[in-house]
>>> print(open('data-v4.txt').read())   # compact mmCIF, C-alpha atoms
# COMPACT_ATOMS: atom_id res chain seq x y z
CA MET A 122 -45.87 -20.57 22.90
CA VAL A 123 -46.07 -21.57 26.58
CA ARG A 124 -49.38 -21.72 28.38
CA ARG A 125 -49.22 -20.37 31.90
CA VAL A 126 -49.81 -22.82 34.72
CA PHE A 127 -53.08 -21.91 36.42
CA SER A 128 -52.37 -18.86 38.59
CA ILE A 129 -49.11 -18.46 40.46
CA VAL A 130 -49.40 -17.33 44.06
CA PRO A 131 -46.75 -15.70 46.25
CA GLU A 132 -44.72 -17.88 48.54
CA GLY A 133 -46.51 -19.37 51.53
CA LYS A 134 -50.05 -19.14 50.19
CA PRO A 135 -51.84 -22.49 50.01
CA ALA A 136 -52.49 -23.84 46.52
CA HIS A 137 -56.17 -24.21 47.49
CA ASP A 138 -56.43 -20.41 47.29
CA GLU A 139 -55.63 -20.50 43.58
CA PRO A 140 -58.31 -20.39 40.90
CA ARG A 141 -59.29 -23.98 40.19
CA LEU A 142 -60.88 -25.82 37.30
CA PRO A 143 -64.60 -26.62 37.79
CA PRO A 144 -64.99 -29.08 40.70
CA ASP A 145 -67.28 -31.47 38.84
CA SER A 146 -64.80 -34.28 38.32
CA THR A 147 -65.75 -37.85 39.06
CA ALA A 148 -62.28 -39.24 38.34
CA ALA A 149 -62.13 -41.32 41.49
CA GLY A 150 -65.73 -42.39 41.72
CA ALA A 151 -67.56 -42.81 44.99
CA GLY A 152 -66.06 -44.30 48.11
CA ALA A 153 -64.85 -43.55 51.59
CA THR A 154 -61.53 -41.97 52.48
CA THR A 155 -59.38 -44.08 54.79
CA LEU A 156 -55.93 -42.86 55.81
CA SER A 157 -53.50 -45.21 57.53
CA SER A 158 -51.36 -42.29 58.77
CA LEU A 159 -51.60 -38.51 58.88
CA PRO A 160 -49.32 -36.23 56.83
CA PRO A 161 -47.04 -33.51 58.24
CA LEU A 162 -48.82 -30.47 59.64
CA SER A 163 -47.96 -26.81 59.02
CA LEU A 164 -49.46 -23.58 60.33
CA TYR A 165 -50.40 -20.63 58.13
CA VAL A 166 -51.10 -17.30 59.87
CA HIS A 167 -52.75 -14.46 57.95
CA VAL A 168 -52.05 -10.83 58.78
CA PRO A 169 -54.51 -8.91 56.56
CA TRP A 170 -53.28 -5.32 56.68
CA CYS A 171 -51.05 -3.51 54.21
CA VAL A 172 -50.06 0.09 53.58
CA ARG A 173 -51.67 0.15 50.13
CA LYS A 174 -53.47 -2.46 48.04
CA CYS A 175 -51.49 -3.33 44.93
CA PRO A 176 -53.51 -3.29 41.66
CA TYR A 177 -52.58 -6.90 40.81
CA CYS A 178 -53.32 -8.34 44.28
CA ASP A 179 -56.36 -10.62 44.71
CA PHE A 180 -55.50 -11.80 48.20
CA ASN A 181 -57.27 -10.91 51.41
CA SER A 182 -55.39 -7.70 52.12
CA HIS A 183 -56.84 -4.45 53.44
CA GLU A 184 -55.29 -1.01 53.66
CA ALA A 185 -54.61 -0.17 57.29
CA LYS A 186 -56.61 2.84 58.43
CA GLY A 187 -54.31 4.28 61.06
CA THR A 188 -52.46 1.87 63.33
CA VAL A 189 -52.88 -1.88 63.11
CA PRO A 190 -55.18 -3.13 65.96
CA GLU A 191 -52.54 -5.50 67.31
CA GLU A 192 -54.12 -6.18 70.70
CA GLN A 193 -57.50 -7.08 69.21
CA TYR A 194 -55.86 -9.12 66.44
CA LEU A 195 -53.76 -11.16 68.86
CA ALA A 196 -56.76 -11.84 71.11
CA ALA A 197 -58.75 -13.09 68.11
CA LEU A 198 -55.80 -15.14 66.85
CA ARG A 199 -55.54 -16.82 70.25
CA ALA A 200 -59.27 -17.59 70.23
CA ASP A 201 -59.07 -18.91 66.66
CA LEU A 202 -56.18 -21.20 67.59
CA GLU A 203 -57.84 -22.43 70.79
CA GLN A 204 -60.94 -23.48 68.86
CA ALA A 205 -58.79 -25.39 66.35
CA LEU A 206 -56.71 -27.26 68.92
CA PRO A 207 -59.08 -30.27 69.26
CA LEU A 208 -58.63 -30.89 65.52
CA ILE A 209 -54.83 -31.16 65.71
CA TRP A 210 -54.30 -32.35 69.26
CA GLY A 211 -50.96 -34.12 69.71
CA ARG A 212 -49.77 -33.50 66.15
CA GLN A 213 -46.38 -31.88 65.60
CA VAL A 214 -46.19 -28.63 63.63
CA VAL A 215 -43.24 -28.72 61.22
CA SER A 216 -43.41 -25.17 59.82
CA ILE A 217 -45.08 -21.81 60.30
CA PHE A 218 -45.67 -19.19 57.61
CA ILE A 219 -46.85 -15.71 58.61
CA GLY A 220 -48.27 -14.15 55.46
CA GLY A 221 -50.48 -11.32 54.38
CA GLY A 222 -51.07 -8.52 53.71
CA THR A 223 -47.88 -7.19 55.18
CA PRO A 224 -46.91 -8.99 58.41
CA SER A 225 -43.90 -6.70 58.82
CA LEU A 226 -46.37 -3.95 59.79
CA LEU A 227 -46.61 -5.73 63.15
CA SER A 228 -44.45 -4.48 65.98
CA ALA A 229 -41.64 -6.62 67.34
CA SER A 230 -43.64 -7.02 70.55
CA ALA A 231 -46.70 -8.32 68.67
CA VAL A 232 -44.62 -10.89 66.78
CA ASP A 233 -42.96 -11.97 70.02
CA GLN A 234 -46.36 -12.48 71.66
CA MET A 235 -47.62 -14.40 68.63
CA LEU A 236 -44.69 -16.83 68.59
CA ALA A 237 -44.84 -17.28 72.37
CA MET A 238 -48.50 -18.22 71.94
CA PHE A 239 -47.67 -20.81 69.31
CA ARG A 240 -44.96 -22.36 71.46
CA ALA A 241 -47.39 -22.55 74.39
CA TYR A 242 -50.28 -24.11 72.48
CA LEU A 243 -48.63 -26.23 69.80
CA ASN A 244 -46.31 -29.20 69.61
CA LEU A 245 -43.79 -27.19 67.59
CA TRP A 246 -40.86 -29.09 66.11
CA PRO A 247 -37.63 -27.62 67.57
CA GLN A 248 -36.17 -27.21 64.07
CA ALA A 249 -39.37 -25.78 62.60
CA GLU A 250 -39.03 -23.38 59.69
CA ILE A 251 -40.72 -20.11 60.73
CA THR A 252 -41.12 -17.71 57.82
CA MET A 253 -42.40 -14.16 57.85
CA GLU A 254 -43.33 -12.14 54.78
CA ALA A 255 -42.08 -8.57 54.61
CA ASN A 256 -42.26 -5.68 52.18
CA PRO A 257 -39.25 -3.39 51.69
CA GLY A 258 -41.30 -0.28 52.44
CA THR A 259 -41.98 -1.50 55.98
CA VAL A 260 -38.54 -2.85 56.86
CA GLU A 261 -36.63 -1.57 59.88
CA ALA A 262 -33.27 -3.05 60.82
CA ALA A 263 -33.84 -3.02 64.58
CA ARG A 264 -37.29 -4.61 64.27
CA PHE A 265 -35.98 -7.38 62.03
CA LYS A 266 -33.33 -8.27 64.59
CA GLU A 267 -36.07 -8.48 67.20
CA TYR A 268 -38.22 -10.67 64.93
CA ALA A 269 -35.27 -13.05 64.68
CA SER A 270 -34.77 -13.01 68.46
CA SER A 271 -38.41 -14.04 68.86
CA GLY A 272 -37.95 -17.06 66.61
CA ILE A 273 -38.39 -15.96 62.99
CA ASN A 274 -35.69 -17.87 61.09
CA ARG A 275 -36.68 -17.20 57.49
CA ILE A 276 -37.76 -13.96 55.80
CA SER A 277 -39.56 -13.74 52.46
CA LEU A 278 -39.20 -10.29 50.89
CA GLY A 279 -41.69 -9.00 48.32
CA ILE A 280 -39.17 -7.23 46.09
CA GLN A 281 -41.03 -7.77 42.74
CA SER A 282 -38.56 -5.63 40.75
CA PHE A 283 -35.45 -3.47 41.05
CA ASN A 284 -36.70 -1.10 38.37
CA ASP A 285 -38.34 2.04 39.79
CA SER A 286 -40.65 2.48 36.80
CA ALA A 287 -41.82 -1.12 37.06
CA LEU A 288 -42.40 -0.75 40.80
CA GLN A 289 -44.52 2.33 40.20
CA ALA A 290 -46.55 0.47 37.56
CA LEU A 291 -47.14 -2.32 40.09
CA GLY A 292 -48.30 0.16 42.72
CA ARG A 293 -45.52 -0.77 45.15
CA ILE A 294 -44.68 1.61 48.00
CA HIS A 295 -40.91 1.00 47.83
CA ASP A 296 -38.20 1.86 45.31
CA ALA A 297 -35.10 -0.02 44.16
CA ARG A 298 -32.89 1.59 46.80
CA GLN A 299 -35.23 0.48 49.58
CA ALA A 300 -35.39 -3.01 48.06
CA CYS A 301 -31.61 -3.40 48.21
CA ALA A 302 -31.49 -2.02 51.75
CA ALA A 303 -34.23 -4.42 52.88
CA ILE A 304 -32.33 -7.42 51.52
CA ASP A 305 -29.21 -6.35 53.41
CA ILE A 306 -31.22 -5.89 56.62
CA ALA A 307 -32.91 -9.30 56.24
CA GLN A 308 -29.62 -11.09 55.55
CA ASN A 309 -28.13 -9.57 58.69
CA ALA A 310 -31.11 -10.69 60.75
CA VAL A 311 -31.56 -14.30 59.57
CA GLN A 312 -29.60 -16.77 57.45
CA ARG A 313 -32.56 -17.90 55.34
CA VAL A 314 -33.94 -15.26 52.93
CA ASN A 315 -36.27 -15.59 49.94
CA LEU A 316 -36.82 -12.92 47.31
CA ASP A 317 -40.14 -12.67 45.46
CA ILE A 318 -39.57 -11.33 41.94
CA MET A 319 -42.21 -10.84 39.22
CA PHE A 320 -41.69 -10.93 35.48
CA ALA A 321 -43.81 -10.16 32.40
CA LEU A 322 -44.46 -6.77 34.00
CA PRO A 323 -46.15 -3.90 32.17
CA ARG A 324 -44.01 -2.92 29.15
CA GLN A 325 -41.15 -5.14 30.40
CA THR A 326 -38.64 -6.40 27.83
CA VAL A 327 -36.61 -9.60 28.05
CA ASP A 328 -33.49 -7.48 28.69
CA ALA A 329 -35.19 -5.63 31.56
CA CYS A 330 -36.33 -8.96 33.03
CA ALA A 331 -32.75 -10.27 32.77
CA GLN A 332 -31.45 -7.19 34.58
CA ASP A 333 -33.92 -7.73 37.44
CA LEU A 334 -32.85 -11.37 37.65
CA ARG A 335 -29.13 -10.54 37.66
CA GLN A 336 -29.62 -8.08 40.49
CA ALA A 337 -31.73 -10.55 42.47
CA MET A 338 -29.11 -13.29 42.06
CA SER A 339 -26.27 -10.93 43.01
CA PHE A 340 -27.41 -11.02 46.66
CA GLN A 341 -26.90 -14.81 46.75
CA THR A 342 -29.96 -15.48 48.91
CA GLU A 343 -30.73 -19.16 49.35
CA HIS A 344 -34.11 -19.01 47.62
CA LEU A 345 -35.83 -17.14 44.79
CA SER A 346 -39.54 -17.16 43.93
CA LEU A 347 -40.01 -15.96 40.36
CA TYR A 348 -43.60 -15.32 39.28
CA HIS A 349 -45.27 -14.46 36.01
CA LEU A 350 -47.58 -11.47 36.59
CA THR A 351 -51.19 -12.56 36.15
CA LEU A 352 -54.20 -10.30 35.73
CA GLU A 353 -56.52 -11.85 38.29
CA PRO A 354 -60.31 -11.27 38.39
CA ASN A 355 -61.60 -8.64 40.81
CA THR A 356 -58.39 -6.61 40.78
CA VAL A 357 -57.64 -3.13 39.46
CA PHE A 358 -55.48 -4.67 36.73
CA ALA A 359 -58.41 -6.84 35.62
CA LYS A 360 -60.61 -3.76 35.25
CA PHE A 361 -57.88 -1.61 33.72
CA PRO A 362 -55.42 -4.02 32.08
CA PRO A 363 -51.89 -2.66 31.69
CA PRO A 364 -49.85 -3.31 28.51
CA VAL A 365 -48.13 -6.59 29.43
CA PRO A 366 -45.79 -8.70 27.27
CA ASP A 367 -47.38 -11.21 24.90
CA ASP A 368 -47.21 -14.96 25.53
CA ASP A 369 -44.14 -15.47 23.35
CA THR A 370 -42.20 -12.76 25.18
CA GLY A 371 -43.30 -14.18 28.52
CA ALA A 372 -42.12 -17.61 27.38
CA ALA A 373 -38.75 -16.17 26.38
CA MET A 374 -38.43 -14.63 29.84
CA GLN A 375 -39.30 -17.95 31.48
CA GLU A 376 -36.67 -19.80 29.44
CA MET A 377 -34.03 -17.16 30.17
CA ILE A 378 -34.81 -17.39 33.90
CA ALA A 379 -34.57 -21.20 33.91
CA GLU A 380 -31.18 -21.17 32.17
CA ALA A 381 -29.66 -18.32 34.20
CA THR A 382 -30.69 -19.68 37.59
CA GLN A 383 -29.45 -23.16 36.77
CA GLU A 384 -26.05 -21.83 35.69
CA ALA A 385 -25.81 -19.78 38.90
CA GLY A 386 -26.58 -22.71 41.22
CA TRP A 387 -30.30 -22.46 41.95
CA GLU A 388 -32.41 -25.56 41.37
CA ARG A 389 -35.87 -25.00 39.93
CA TYR A 390 -37.71 -27.52 42.07
CA GLU A 391 -41.25 -26.18 41.56
CA VAL A 392 -42.99 -24.12 38.89
CA SER A 393 -41.92 -20.80 40.44
CA ALA A 394 -39.46 -21.83 43.17
CA TYR A 395 -35.65 -21.86 42.88
CA ALA A 396 -33.39 -22.96 45.72
CA LYS A 397 -29.74 -23.40 46.55
CA PRO A 398 -28.87 -26.98 47.66
CA GLY A 399 -30.75 -27.87 50.85
CA ALA A 400 -32.70 -24.60 50.90
CA ARG A 401 -36.15 -25.58 49.64
CA CYS A 402 -39.05 -23.90 51.40
CA ARG A 403 -40.22 -26.67 53.71
CA HIS A 404 -43.58 -25.01 54.30
CA ASN A 405 -44.43 -24.84 50.59
CA VAL A 406 -43.12 -28.34 49.92
CA ASN A 407 -45.60 -29.59 52.52
CA TYR A 408 -48.42 -27.93 50.54
CA TRP A 409 -47.21 -29.45 47.28
CA GLU A 410 -46.83 -32.91 48.78
CA PHE A 411 -50.47 -32.64 49.92
CA GLY A 412 -49.60 -32.27 53.57
CA ASP A 413 -51.90 -30.68 56.13
CA TYR A 414 -52.02 -27.06 57.20
CA LEU A 415 -54.06 -25.22 59.77
CA GLY A 416 -54.88 -21.71 58.61
CA ILE A 417 -55.75 -19.06 61.19
CA GLY A 418 -56.47 -15.37 60.79
CA PRO A 419 -58.98 -13.59 58.51
CA GLY A 420 -59.50 -15.38 55.21
CA ALA A 421 -57.01 -18.14 56.02
CA HIS A 422 -57.61 -21.55 54.42
CA GLY A 423 -56.73 -24.90 55.93
CA LYS A 424 -56.67 -28.60 55.03
CA LEU A 425 -56.78 -31.13 57.85
CA SER A 426 -56.71 -34.92 57.54
CA PHE A 427 -58.30 -37.45 59.84
CA HIS A 428 -58.25 -41.21 59.52
CA ASP A 429 -61.69 -41.25 57.90
CA ARG A 430 -61.94 -37.88 56.13
CA ILE A 431 -60.18 -34.76 54.86
CA VAL A 432 -61.61 -31.37 55.81
CA ARG A 433 -61.26 -27.92 54.26
CA GLN A 434 -61.70 -24.81 56.39
CA ALA A 435 -61.76 -21.09 55.66
CA ARG A 436 -62.05 -18.15 58.04
CA LEU A 437 -64.20 -15.06 57.47
CA LYS A 438 -62.36 -12.65 55.19
CA ASN A 439 -63.32 -9.34 56.74
CA PRO A 440 -60.75 -8.59 59.47
CA GLN A 441 -63.18 -6.88 61.82
CA ALA A 442 -65.86 -9.56 61.41
CA TRP A 443 -63.27 -12.29 62.01
CA MET A 444 -61.92 -10.54 65.13
CA ASP A 445 -65.41 -9.93 66.54
CA LYS A 446 -66.61 -13.49 65.98
CA ALA A 447 -63.44 -15.45 66.81
CA VAL A 448 -63.59 -14.31 70.45
CA ARG A 449 -67.16 -15.59 70.78
CA MET A 450 -65.67 -19.11 70.83
CA ASP A 451 -68.68 -20.53 68.98
CA GLY A 452 -67.21 -21.27 65.56
CA SER A 453 -68.95 -18.32 63.93
CA HIS A 454 -65.59 -17.06 62.63
CA LEU A 455 -65.55 -19.93 60.11
CA ALA A 456 -66.78 -19.29 56.59
CA GLN A 457 -66.24 -22.90 55.48
CA ASN A 458 -65.86 -26.19 57.30
CA SER A 459 -66.55 -29.05 54.92
CA GLN A 460 -65.33 -32.49 53.96
CA VAL A 461 -63.45 -32.94 50.69
CA MET A 462 -65.34 -35.56 48.73
CA PRO A 463 -63.39 -38.56 47.39
CA ASP A 464 -64.10 -37.60 43.76
CA GLU A 465 -62.43 -34.20 44.36
CA LEU A 466 -59.24 -35.60 45.85
CA PRO A 467 -57.41 -36.77 42.68
CA PHE A 468 -57.43 -33.31 41.11
CA GLU A 469 -56.64 -31.61 44.44
CA PHE A 470 -53.68 -33.95 44.94
CA MET A 471 -52.34 -33.61 41.40
CA LEU A 472 -52.80 -29.82 41.36
CA ASN A 473 -50.18 -29.70 44.10
CA ALA A 474 -47.91 -32.69 43.50
CA LEU A 475 -47.32 -32.17 39.78
CA ARG A 476 -46.04 -28.63 40.39
CA LEU A 477 -42.91 -30.26 41.83
CA LYS A 478 -40.19 -30.81 39.23
CA HIS A 479 -39.54 -34.36 40.36
CA GLY A 480 -43.10 -35.11 41.38
CA VAL A 481 -43.87 -37.46 44.27
CA PRO A 482 -43.72 -41.25 44.89
CA ALA A 483 -46.80 -42.95 43.48
CA SER A 484 -47.44 -44.45 46.91
CA SER A 485 -48.04 -40.98 48.34
CA PHE A 486 -51.32 -40.73 46.40
CA THR A 487 -52.86 -43.46 48.55
CA GLU A 488 -51.09 -42.27 51.70
CA ARG A 489 -52.43 -38.70 51.36
CA THR A 490 -55.88 -39.31 49.83
CA GLY A 491 -56.86 -42.74 51.15
CA LEU A 492 -57.77 -43.76 47.58
CA SER A 493 -56.37 -46.59 45.53
CA LEU A 494 -54.12 -45.60 42.64
CA MET A 495 -56.40 -47.76 40.49
CA ALA A 496 -59.05 -45.02 40.87
CA ILE A 497 -57.02 -42.74 38.60
CA MET A 498 -55.36 -45.36 36.39
CA PRO A 499 -57.33 -44.38 33.25
CA ALA A 500 -56.23 -40.75 33.67
CA LEU A 501 -52.63 -41.84 34.30
CA ASP A 502 -52.64 -44.01 31.18
CA ARG A 503 -54.00 -41.16 29.05
CA ALA A 504 -51.42 -38.71 30.38
CA VAL A 505 -48.56 -41.15 29.74
CA ALA A 506 -49.84 -41.84 26.22
CA LYS A 507 -49.86 -38.10 25.48
CA GLY A 508 -46.29 -37.70 26.74
CA LEU A 509 -47.40 -35.50 29.64
CA LEU A 510 -46.61 -37.89 32.50
CA SER A 511 -43.58 -40.06 33.18
CA PRO A 512 -44.19 -43.77 32.49
CA ASP A 513 -42.33 -44.69 35.70
CA PRO A 514 -44.96 -46.65 37.70
CA GLY A 515 -43.28 -45.77 40.98
CA ARG A 516 -43.47 -41.99 40.54
CA LEU A 517 -46.07 -39.36 39.67
CA GLN A 518 -44.00 -36.87 37.71
CA ALA A 519 -44.64 -34.61 34.75
CA THR A 520 -42.39 -35.00 31.73
CA GLU A 521 -40.60 -31.88 30.48
CA HIS A 522 -43.45 -31.47 28.00
CA GLY A 523 -46.07 -32.07 30.70
CA TRP A 524 -44.49 -29.56 33.04
CA ARG A 525 -44.41 -27.00 30.25
CA PHE A 526 -48.11 -27.60 29.54
CA LEU A 527 -49.21 -28.38 33.10
CA ASN A 528 -52.79 -27.20 32.54
CA ASP A 529 -53.22 -29.92 29.93
CA LEU A 530 -51.81 -32.57 32.25
CA LEU A 531 -53.96 -31.52 35.19
CA SER A 532 -57.07 -31.50 33.02
CA GLU A 533 -56.70 -35.26 32.59
CA PHE A 534 -57.74 -35.66 36.24
CA LEU A 535 -61.02 -33.84 35.69
CA ASP A 536 -62.36 -36.26 33.09
>>> encode(input="data-v4.txt", output="structure tokens")
Amino acid sequence: MVRRVFSIVPEGKPAHDEPRLPPDSTAAGAGATTLSSLPPLSLYVHVPWCVRKCPYCDFNSHEAKGTVPEEQYLAALRADLEQALPLIWGRQVVSIFIGGGTPSLLSASAVDQMLAMFRAYLNLWPQAEITMEANPGTVEAARFKEYASSGINRISLGIQSFNDSALQALGRIHDARQACAAIDIAQNAVQRVNLDIMFALPRQTVDACAQDLRQAMSFQTEHLSLYHLTLEPNTVFAKFPPPVPDDDTGAAMQEMIAEATQEAGWERYEVSAYAKPGARCRHNVNYWEFGDYLGIGPGAHGKLSFHDRIVRQARLKNPQAWMDKAVRMDGSHLAQNSQVMPDELPFEFMLNALRLKHGVPASSFTERTGLSLMAIMPALDRAVAKGLLSPDPGRLQATEHGWRFLNDLLSEFLD
């Protein structure tokens, strides 16, 4: 039996938004955070509206009542960004991820204005990866071409399944035919395309999962994100649980996926991420390597490092409240703005870094947290002794067993 790894979130969402173990760890002890250099910086932009809320979705998405208020949203987004600029002044932005919700509900003009704003305000790396999430039910060929002309160079499509019955069970607004058409449209608009696919769906068999995977791989996109369906709290599925496969069947699906993708040329470089050579999602890798990200838009989370502290931020979740308060320019649009305490950093760092198949250099722990590796040496020794962590002193990397039982490994950094 395979234990699932915390909760898996769709591509582009910060790991901080995932359910976390109780934050009462004292693994690192007391002490100040001192960073000798700052990590790479990404930008996450949240577009909160969707056509219909999916029963499994626990993200900050809201059904659009009529047309999306683009003008008001863009004005608030500009105000949100302007208030954040002093925190990131002079730093280069290496990637942008526009997530939701359903960002592809935005008009081509709105996306063009948004990206023009970012170029005007930010020190944007010329080769920055700029991803936009899209759902097949909102895809239009002409609009996608215009998105690309404005600067979108990577599209992440929420396909979830190619089985119409499964899509209906998931509450999706598209069918298999629209899914295939959307992939074709995206591939003609940009070179870099990711497909989000779910498995362990209601009543799904291993054979049905394999069929979904074969169809997803047949398009030869550069990246696949393959997620185990989870029944998250405060969702329709949590209140009315559907008949999902048992743990053993889910494990069989996971093993089949790992073998089939490897044979077909995709590298599983993270728990749920599979890439062709050179096609890793740079934005997500920055999350997992404990880089920084500014999050703007309703409900967006951010992590920003300074030489003497690391700060977490979150915006108000309600779209209207966020839009009304962001333009006041008084910080009232923030729901959270707090320092991450040193004793929280080891778990926060490991929660991200150990999701990567090959882990991270041991030196990056000190570089990204400002803490000595000695602060977590007892936890490292325990994890190595249990066969969960590689004994290589120069690398923080889960063993095959540790990656399979990642919850157990991560728990070591809460003791």
>>> residues_around(input="data-v4.txt", residues="His183 (chain A)", least_positions_apart="5", cutoff="10 Å", atoms="only C-alpha atoms", output="VMD selection string")
chain A and resid 168 to 174 221 to 223 439 to 440
>>> closest_atom_pairs(input="data-v4.txt", of="region 266-363 of chain A", to="region 398-406 of chain A", cutoff="9 Å", atoms="only C-alpha atoms", output="JSON lines")
{"residue": "A:Arg313", "atom": "CA", "partner": "A:Ala400", "partner_atom": "CA", "distance": 8.0}
{"residue": "A:Asn315", "atom": "CA", "partner": "A:Cys402", "partner_atom": "CA", "distance": 8.9}
{"residue": "A:Glu343", "atom": "CA", "partner": "A:Ala400", "partner_atom": "CA", "distance": 6.0}
{"residue": "A:His344", "atom": "CA", "partner": "A:Ala400", "partner_atom": "CA", "distance": 6.6}
>>> atom_distance(input="data-v4.txt", atom1="CA of Ser339 (chain A)", atom2="CA of Leu227 (chain A)")
29.1 Å
>>> atom_distance(input="data-v4.txt", atom1="CA of Gln375 (chain A)", atom2="CA of Val392 (chain A)")
10.3 Å
>>> residues_near_point(input="data-v4.txt", point="(-62.5, -33.2, 55.1)", cutoff="7 Å", atoms="only C-alpha atoms", output="compact mmCIF listing (two decimals) with C-alpha atoms, in the frame of the given file")
# COMPACT_ATOMS: atom_id res chain seq x y z
CA LEU A 425 -56.78 -31.13 57.85
CA SER A 426 -56.71 -34.92 57.54
CA ARG A 430 -61.94 -37.88 56.13
CA ILE A 431 -60.18 -34.76 54.86
CA VAL A 432 -61.61 -31.37 55.81
CA ARG A 433 -61.26 -27.92 54.26
CA SER A 459 -66.55 -29.05 54.92
CA GLN A 460 -65.33 -32.49 53.96
CA VAL A 461 -63.45 -32.94 50.69
>>> residues_around(input="data-v4.txt", residues="Ile306 (chain A)", least_positions_apart="2", cutoff="10 Å", atoms="only C-alpha atoms", output="VMD selection string")
chain A and resid 257 260 to 266 300 to 304 308 to 311
>>> residues_near_point(input="data-v4.txt", point="(-57.1, -44.0, 55.6)", cutoff="7 Å", atoms="only C-alpha atoms", output="PyMOL selection string")
chain A and resi 154-158+428-429+491
>>> closest_residue(input="data-v4.txt", among="A:Val505, A:Asn244, A:Gly258, A:Lys424", to="Gly412 (chain A)", atoms="only C-alpha atoms")
A:Lys424
>>> closest_residue(input="data-v4.txt", among="A:Pro419, A:Pro514, A:Gly371, A:Pro482", to="Gly220 (chain A)", atoms="only C-alpha atoms")
A:Pro419
>>> closest_residue(input="data-v4.txt", among="A:Thr259, A:Ser270, A:Ser228, A:Gln325", to="Ser282 (chain A)", atoms="only C-alpha atoms")
A:Gln325
>>> atom_distance(input="data-v4.txt", atom1="CA of Glu521 (chain A)", atom2="CA of Arg476 (chain A)")
11.8 Å
>>> decode(input="data-v4.txt", residues="region 408-419 of chain A", atoms="N, CA, C and O atoms", output="mmCIF file, in the first residue's frame")
data_model
loop_
_atom_site.group_PDB
_atom_site.id
_atom_site.type_symbol
_atom_site.label_atom_id
_atom_site.label_comp_id
_atom_site.auth_asym_id
_atom_site.auth_seq_id
_atom_site.Cartn_x
_atom_site.Cartn_y
_atom_site.Cartn_z
ATOM 1 N N TYR A 408 9.491 27.100 -6.653
ATOM 2 C CA TYR A 408 8.783 26.802 -5.397
ATOM 3 C C TYR A 408 9.503 25.698 -4.633
ATOM 4 O O TYR A 408 9.772 25.812 -3.437
ATOM 5 N N TRP A 409 9.760 24.584 -5.338
ATOM 6 C CA TRP A 409 10.285 23.387 -4.682
ATOM 7 C C TRP A 409 11.708 23.584 -4.171
ATOM 8 O O TRP A 409 12.129 22.917 -3.223
ATOM 9 N N GLU A 410 12.457 24.474 -4.802
ATOM 10 C CA GLU A 410 13.801 24.775 -4.324
ATOM 11 C C GLU A 410 13.796 25.880 -3.272
ATOM 12 O O GLU A 410 14.831 26.420 -2.920
ATOM 13 N N PHE A 411 12.607 26.197 -2.773
ATOM 14 C CA PHE A 411 12.407 27.198 -1.728
ATOM 15 C C PHE A 411 12.834 28.588 -2.184
ATOM 16 O O PHE A 411 13.418 29.366 -1.434
ATOM 17 N N GLY A 412 12.530 28.880 -3.443
ATOM 18 C CA GLY A 412 12.736 30.226 -3.949
ATOM 19 C C GLY A 412 11.642 31.154 -3.469
ATOM 20 O O GLY A 412 10.724 30.762 -2.741
ATOM 21 N N ASP A 413 11.702 32.400 -3.887
ATOM 22 C CA ASP A 413 10.719 33.405 -3.495
ATOM 23 C C ASP A 413 9.641 33.551 -4.559
ATOM 24 O O ASP A 413 9.882 33.314 -5.754
ATOM 25 N N TYR A 414 8.471 33.974 -4.129
ATOM 26 C CA TYR A 414 7.404 34.291 -5.081
ATOM 27 C C TYR A 414 6.500 35.360 -4.476
ATOM 28 O O TYR A 414 6.127 35.298 -3.311
ATOM 29 N N LEU A 415 6.225 36.347 -5.290
ATOM 30 C CA LEU A 415 5.241 37.367 -4.942
ATOM 31 C C LEU A 415 3.905 36.908 -5.481
ATOM 32 O O LEU A 415 3.796 36.570 -6.667
ATOM 33 N N GLY A 416 2.894 36.854 -4.630
ATOM 34 C CA GLY A 416 1.565 36.464 -5.065
ATOM 35 C C GLY A 416 0.631 37.656 -5.034
ATOM 36 O O GLY A 416 0.488 38.317 -3.992
ATOM 37 N N ILE A 417 0.009 37.968 -6.160
ATOM 38 C CA ILE A 417 -0.944 39.072 -6.218
ATOM 39 C C ILE A 417 -2.271 38.564 -6.758
ATOM 40 O O ILE A 417 -2.326 37.565 -7.469
ATOM 41 N N GLY A 418 -3.337 39.273 -6.425
ATOM 42 C CA GLY A 418 -4.672 38.824 -6.777
ATOM 43 C C GLY A 418 -5.357 38.241 -5.557
ATOM 44 O O GLY A 418 -4.709 37.920 -4.550
ATOM 45 N N PRO A 419 -6.685 38.065 -5.597
ATOM 46 C CA PRO A 419 -7.430 37.603 -4.417
ATOM 47 C C PRO A 419 -7.023 36.215 -3.960
ATOM 48 O O PRO A 419 -7.002 35.272 -4.737
#
